[in-house]
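Participant: As input, take run.tsv (TSV, C-alpha atoms):
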```
chain	number	residue	atom	x	y	z
A	1	MET	CA	-35.79	-41.96	-1.46
A	2	LYS	CA	-36.18	-38.99	0.90
A	3	LEU	CA	-33.10	-40.14	2.83
A	4	LYS	CA	-31.04	-40.27	-0.38
A	5	ILE	CA	-32.21	-36.80	-1.38
A	6	TYR	CA	-31.37	-35.48	2.10
A	7	LEU	CA	-27.89	-37.01	2.04
A	8	PHE	CA	-27.30	-35.66	-1.46
A	9	ALA	CA	-28.34	-32.16	-0.31
A	10	ILE	CA	-25.91	-32.32	2.62
A	11	LEU	CA	-23.10	-33.50	0.35
A	12	LEU	CA	-23.86	-30.75	-2.17
A	13	PHE	CA	-23.86	-28.13	0.59
A	14	PHE	CA	-20.42	-29.11	1.85
A	15	CYS	CA	-19.04	-29.33	-1.68
A	16	LEU	CA	-20.30	-25.84	-2.50
A	17	ARG	CA	-18.97	-24.46	0.78
A	18	SER	CA	-15.57	-26.02	0.14
A	19	TRP	CA	-15.57	-24.60	-3.39
A	20	ALA	CA	-16.51	-21.13	-2.10
A	21	GLN	CA	-13.76	-21.21	0.52
A	22	ASN	CA	-11.14	-22.25	-2.02
A	23	PHE	CA	-12.41	-19.65	-4.48
A	24	ALA	CA	-12.13	-16.95	-1.81
A	25	LYS	CA	-8.51	-17.93	-1.29
A	26	GLU	CA	-7.67	-17.25	-4.93
A	27	LYS	CA	-8.14	-14.10	-6.97
A	28	THR	CA	-7.19	-12.62	-10.34
A	29	ILE	CA	-7.08	-8.85	-10.82
A	30	ALA	CA	-6.84	-7.32	-14.29
A	31	LEU	CA	-4.82	-4.10	-14.48
A	32	ASN	CA	-4.18	-1.59	-17.24
A	33	SER	CA	-1.65	-2.17	-20.03
A	34	ASP	CA	-2.35	-5.93	-20.18
A	35	PHE	CA	-1.06	-6.60	-16.65
A	36	SER	CA	-2.78	-8.96	-14.25
A	37	LEU	CA	-2.26	-10.16	-10.67
A	38	HIS	CA	-2.77	-13.80	-9.77
A	39	LEU	CA	-3.21	-14.24	-6.02
A	40	SER	CA	-3.55	-17.31	-3.83
A	41	LYS	CA	-3.35	-18.44	-0.19
A	42	GLY	CA	-5.79	-15.74	0.78
A	43	GLU	CA	-7.40	-14.80	4.09
A	44	ASP	CA	-10.62	-12.83	4.39
A	45	PHE	CA	-10.68	-10.28	7.23
A	46	GLY	CA	-14.04	-8.79	6.32
A	47	ASN	CA	-13.07	-5.28	5.21
A	48	PHE	CA	-10.02	-6.52	3.34
A	49	SER	CA	-8.26	-9.67	2.21
A	50	THR	CA	-4.61	-10.66	2.17
A	51	TYR	CA	-2.77	-13.06	-0.15
A	52	SER	CA	0.61	-14.59	0.61
A	53	THR	CA	1.33	-15.75	-2.94
A	54	LEU	CA	1.50	-13.16	-5.73
A	55	PHE	CA	2.26	-13.54	-9.44
A	56	VAL	CA	2.38	-10.54	-11.79
A	57	PHE	CA	1.78	-11.27	-15.46
A	58	HIS	CA	2.20	-9.01	-18.48
A	59	ALA	CA	0.65	-10.15	-21.75
A	60	GLY	CA	0.48	-13.65	-20.32
A	61	LYS	CA	4.14	-13.74	-19.25
A	62	ARG	CA	5.11	-13.93	-15.61
A	63	VAL	CA	7.32	-10.98	-14.70
A	64	PHE	CA	7.28	-11.09	-10.89
A	65	SER	CA	6.44	-13.48	-8.07
A	66	ASP	CA	6.53	-13.19	-4.30
A	67	THR	CA	5.70	-15.61	-1.48
A	68	THR	CA	7.43	-13.70	1.34
A	69	ARG	CA	4.82	-11.01	2.04
A	70	GLU	CA	1.09	-10.64	2.60
A	71	TYR	CA	-0.41	-8.39	-0.05
A	72	GLU	CA	-3.55	-6.60	1.09
A	73	PHE	CA	-6.55	-5.67	-1.04
A	74	GLY	CA	-9.20	-3.45	0.47
A	75	ASP	CA	-8.10	0.11	-0.20
A	76	ARG	CA	-9.54	1.41	-3.48
A	77	LEU	CA	-6.37	3.40	-4.11
A	78	TYR	CA	-4.29	0.29	-4.81
A	79	PRO	CA	-3.04	-1.35	-6.94
A	80	ILE	CA	-1.54	1.60	-8.83
A	81	ILE	CA	-0.01	1.07	-12.27
A	82	ASN	CA	1.64	3.81	-14.32
A	83	LYS	CA	2.92	3.45	-17.86
A	84	LEU	CA	6.25	5.28	-18.15
A	85	ASN	CA	7.11	4.66	-21.81
A	86	THR	CA	6.51	2.02	-24.45
A	87	ASN	CA	8.07	-0.85	-22.52
A	88	SER	CA	8.35	0.44	-18.95
A	89	TYR	CA	5.84	0.52	-16.10
A	90	GLU	CA	5.64	0.92	-12.37
A	91	ILE	CA	3.26	-0.96	-10.07
A	92	LEU	CA	2.47	-0.19	-6.44
A	93	LEU	CA	0.93	-2.87	-4.24
A	94	GLU	CA	-0.09	-2.62	-0.59
A	95	VAL	CA	1.67	-4.98	1.83
A	96	ASN	CA	0.10	-5.92	5.16
A	97	ASP	CA	2.88	-5.52	7.73
A	98	ARG	CA	0.89	-6.03	10.93
A	99	PRO	CA	1.39	-5.08	13.70
A	100	ASN	CA	3.31	-2.31	11.93
A	101	LYS	CA	1.77	0.16	9.51
A	102	ASN	CA	1.28	-1.17	5.98
A	103	TYR	CA	3.69	-0.16	3.24
A	104	LEU	CA	3.83	-0.25	-0.56
A	105	MET	CA	5.90	-2.55	-2.73
A	106	HIS	CA	7.11	-0.42	-5.65
A	107	ILE	CA	7.98	-2.53	-8.71
A	108	MET	CA	9.61	-1.14	-11.84
A	109	VAL	CA	9.17	-3.26	-14.98
A	110	SER	CA	11.05	-2.76	-18.25
A	111	ASN	CA	10.80	-5.10	-21.23
A	112	ASN	CA	9.02	-7.63	-19.01
A	113	LYS	CA	11.88	-7.69	-16.48
A	114	ILE	CA	12.01	-6.33	-12.95
A	115	VAL	CA	14.62	-3.57	-12.91
A	116	LYS	CA	13.94	-2.22	-9.44
A	117	LYS	CA	12.07	-3.11	-6.25
A	118	SER	CA	11.68	-0.72	-3.33
A	119	LYS	CA	9.40	0.14	-0.44
A	120	LEU	CA	7.30	3.28	-0.11
A	121	PRO	CA	4.95	4.35	2.67
A	122	THR	CA	1.25	3.96	2.01
A	123	PHE	CA	-0.22	7.16	0.65
A	124	ILE	CA	-2.61	9.41	2.53
A	125	ALA	CA	-4.77	10.01	-0.53
A	126	ARG	CA	-4.71	10.12	-4.32
A	127	ALA	CA	-2.13	12.26	-6.10
A	128	ALA	CA	-2.84	16.01	-6.12
A	129	ASP	CA	-1.06	19.33	-6.59
A	130	LEU	CA	0.39	19.37	-3.09
A	131	ALA	CA	3.13	21.92	-3.82
A	132	GLY	CA	0.99	24.38	-5.77
A	133	ASN	CA	3.15	24.05	-8.89
A	134	LYS	CA	0.73	21.98	-11.04
A	135	THR	CA	2.75	18.79	-10.44
A	136	LEU	CA	0.89	15.78	-9.09
A	137	GLU	CA	2.29	14.40	-5.85
A	138	TYR	CA	1.53	11.69	-3.33
A	139	ALA	CA	2.26	11.95	0.38
A	140	GLY	CA	2.67	9.31	3.08
A	141	PHE	CA	4.47	8.42	6.29
A	142	TRP	CA	6.12	5.26	7.57
A	143	GLY	CA	4.86	4.61	11.08
A	144	TYR	CA	2.26	5.23	13.73
A	145	SER	CA	3.02	8.06	16.13
A	146	GLU	CA	3.09	7.40	19.86
A	147	ILE	CA	2.79	9.74	22.83
A	148	TRP	CA	4.83	9.32	26.02
A	149	GLY	CA	6.48	11.19	28.89
A	150	ASP	CA	5.45	11.87	32.49
A	151	HIS	CA	2.72	14.18	31.26
A	152	ASN	CA	2.28	12.81	27.72
A	153	GLU	CA	4.29	15.74	26.44
A	154	LEU	CA	6.40	13.92	23.83
A	155	THR	CA	5.82	12.18	20.52
A	156	ASP	CA	8.13	10.68	17.91
A	157	TYR	CA	9.52	12.32	14.82
A	158	ASN	CA	7.36	10.95	11.99
A	159	PRO	CA	8.01	12.90	8.76
A	160	ILE	CA	5.49	13.18	5.96
A	161	LEU	CA	7.19	12.22	2.70
A	162	TYR	CA	6.15	13.73	-0.65
A	163	TYR	CA	6.57	11.97	-3.99
A	164	LYS	CA	6.37	13.55	-7.43
A	165	VAL	CA	4.67	11.76	-10.32
A	166	THR	CA	7.21	12.00	-13.15
A	167	LYS	CA	7.66	10.44	-16.59
A	168	ASP	CA	10.34	8.23	-15.02
A	169	GLY	CA	8.13	7.11	-12.15
A	170	ILE	CA	7.32	8.24	-8.63
A	171	LYS	CA	10.26	10.04	-7.01
A	172	ILE	CA	10.82	11.67	-3.65
A	173	ASP	CA	10.34	15.45	-3.65
A	174	THR	CA	13.22	16.38	-1.38
A	175	VAL	CA	12.53	20.12	-1.40
A	176	LEU	CA	8.86	19.83	-0.45
A	177	THR	CA	9.56	17.11	2.14
A	178	ILE	CA	12.15	19.27	3.90
A	179	GLN	CA	9.97	22.37	3.69
A	180	LYS	CA	6.82	20.80	5.11
A	181	ASN	CA	8.52	18.85	7.90
A	182	THR	CA	10.51	21.89	8.96
A	183	ALA	CA	7.20	23.71	9.32
A	184	ILE	CA	5.77	20.85	11.42
A	185	TYR	CA	8.77	19.96	13.61
A	186	GLY	CA	10.74	23.20	13.72
A	187	LYS	CA	13.65	21.68	11.85
A	188	PHE	CA	14.18	18.82	9.42
A	189	ARG	CA	15.43	15.67	11.15
A	190	GLY	CA	15.67	13.27	8.20
A	191	PHE	CA	13.47	11.12	5.99
A	192	GLU	CA	12.92	8.27	8.48
A	193	ASP	CA	10.61	8.10	11.48
A	194	ASP	CA	12.52	7.76	14.73
A	195	THR	CA	11.30	7.22	18.30
A	196	ASN	CA	14.79	8.19	19.47
A	197	LYS	CA	14.14	11.74	18.28
A	198	PRO	CA	11.31	12.87	20.58
A	199	VAL	CA	9.53	16.11	19.74
A	200	PRO	CA	6.90	18.12	21.63
A	201	VAL	CA	3.43	16.61	21.40
A	202	THR	CA	2.21	19.98	20.16
A	203	THR	CA	3.72	19.09	16.77
A	204	ALA	CA	0.94	16.52	16.40
A	205	LYS	CA	-1.53	19.33	15.73
A	206	LYS	CA	0.57	20.64	12.86
A	207	PHE	CA	0.99	17.08	11.56
A	208	ALA	CA	-2.78	16.53	11.65
A	209	ALA	CA	-3.41	19.88	9.96
A	210	GLU	CA	-1.12	18.92	7.07
A	211	ILE	CA	-2.86	15.55	6.70
A	212	LYS	CA	-6.20	17.37	6.52
A	213	ARG	CA	-4.81	19.76	3.86
A	214	ILE	CA	-3.59	16.85	1.75
A	215	GLU	CA	-6.93	15.04	1.99
A	216	SER	CA	-8.85	18.22	1.10
A	217	LEU	CA	-6.87	18.66	-2.13
A	218	THR	CA	-7.89	15.21	-3.39
A	219	LYS	CA	-11.65	15.70	-3.00
```
If you took the structure in this file and wrote it as structure tokens, what would it be?
Facilitator:
Amino acid sequence: MKLKIYLFAILLFFCLRSWAQNFAKEKTIALNSDFSLHLSKGEDFGNFSTYSTLFVFHAGKRVFSDTTREYEFGDRLYPIINKLNTNSYEILLEVNDRPNKNYLMHIMVSNNKIVKKSKLPTFIARAADLAGNKTLEYAGFWGYSEIWGDHNELTDYNPILYYKVTKDGIKIDTVLTIQKNTAIYGKFRGFEDDTNKPVPVTTAKKFAAEIKRIESLTK
């Protein structure tokens, strides 16, 4: 009898462990406005998890699916969902792009159909009045900066991009982006990061100071 109980306990242990592992690989996240995310094929990295299969549902209807990326969940800032009008929404999801910096998948939904998909850089912090004009804005940058040169005197051009929160969705604030990056780099060199446009490493201090300003405004 004891042997049967022991064997049953072992079998139960492995069944529960298998169930827990499978459960960890699947997840459902409820969002605002009757949206939900159904995730599967997950991996647990401790501080965050990634899922390589994503389904987005609205009121029970599938409106988007993706099996080509790894969506990451660990940052409390994401997912972001904004209602634009009665039948239109935007959703921002974090994509794990290792070994590169993560980025955001920006999905625009209208009448339960995807009308636009685009990429945005991950944001530094929550939206705040970054321009001092009472308009909420996000800010982010595309890549990781590197330092090189015989005396580590150079770094790459890595602009901070600013995005306004508008009734039509998140949009690039061209004026603020040009203004702030001109102040950091001496002149505006475009909206993309570029290792072929080296700048003095001293610009890194101005870059870091602007990051600190942005973070302070969201506290």
Participant: Between A:Phe57, A:Phe48, A:Tyr138, A:Tyr78, which has the minimum distance to Val109 of chain A (counting only C-alpha atoms)?
Facilitator: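 Among the listed residues, the smallest separation from Val109 of chain A belongs to A:Phe57.
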Participant: Which polymer residues have any atom within 12 Å of an atom of Phe141 of chain A, counting only C-alpha atoms, with same-chain residues fewer than 5 positions away left out, as a ChimeraX atom specification?
Facilitator: /A:101-104,119-125,157-163,177,181,191-194,207,210-211
Participant: What is the distance between atom CA of Lys61 of chain A and atom CA of Ile114 of chain A, in Å to one decimal?
Facilitator: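 About the pair atom CA of Lys61 of chain A and atom CA of Ile114 of chain A: they are 12.5 Å apart.
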Participant: Please indicate the distance in Å from atom CA of Ser33 of chain A to atom CA of Lys219 of chain A, rounded to one decimal place.
Facilitator: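 The value is 26.6 Å.
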Participant: Would you mind reading off the distance between atom CA of Ser36 of chain A and atom CA of Glu137 of chain A, one decimal, in Å?
Facilitator: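 Atom CA of Glu137 of chain A lies at a distance of 25.3 Å from atom CA of Ser36 of chain A.
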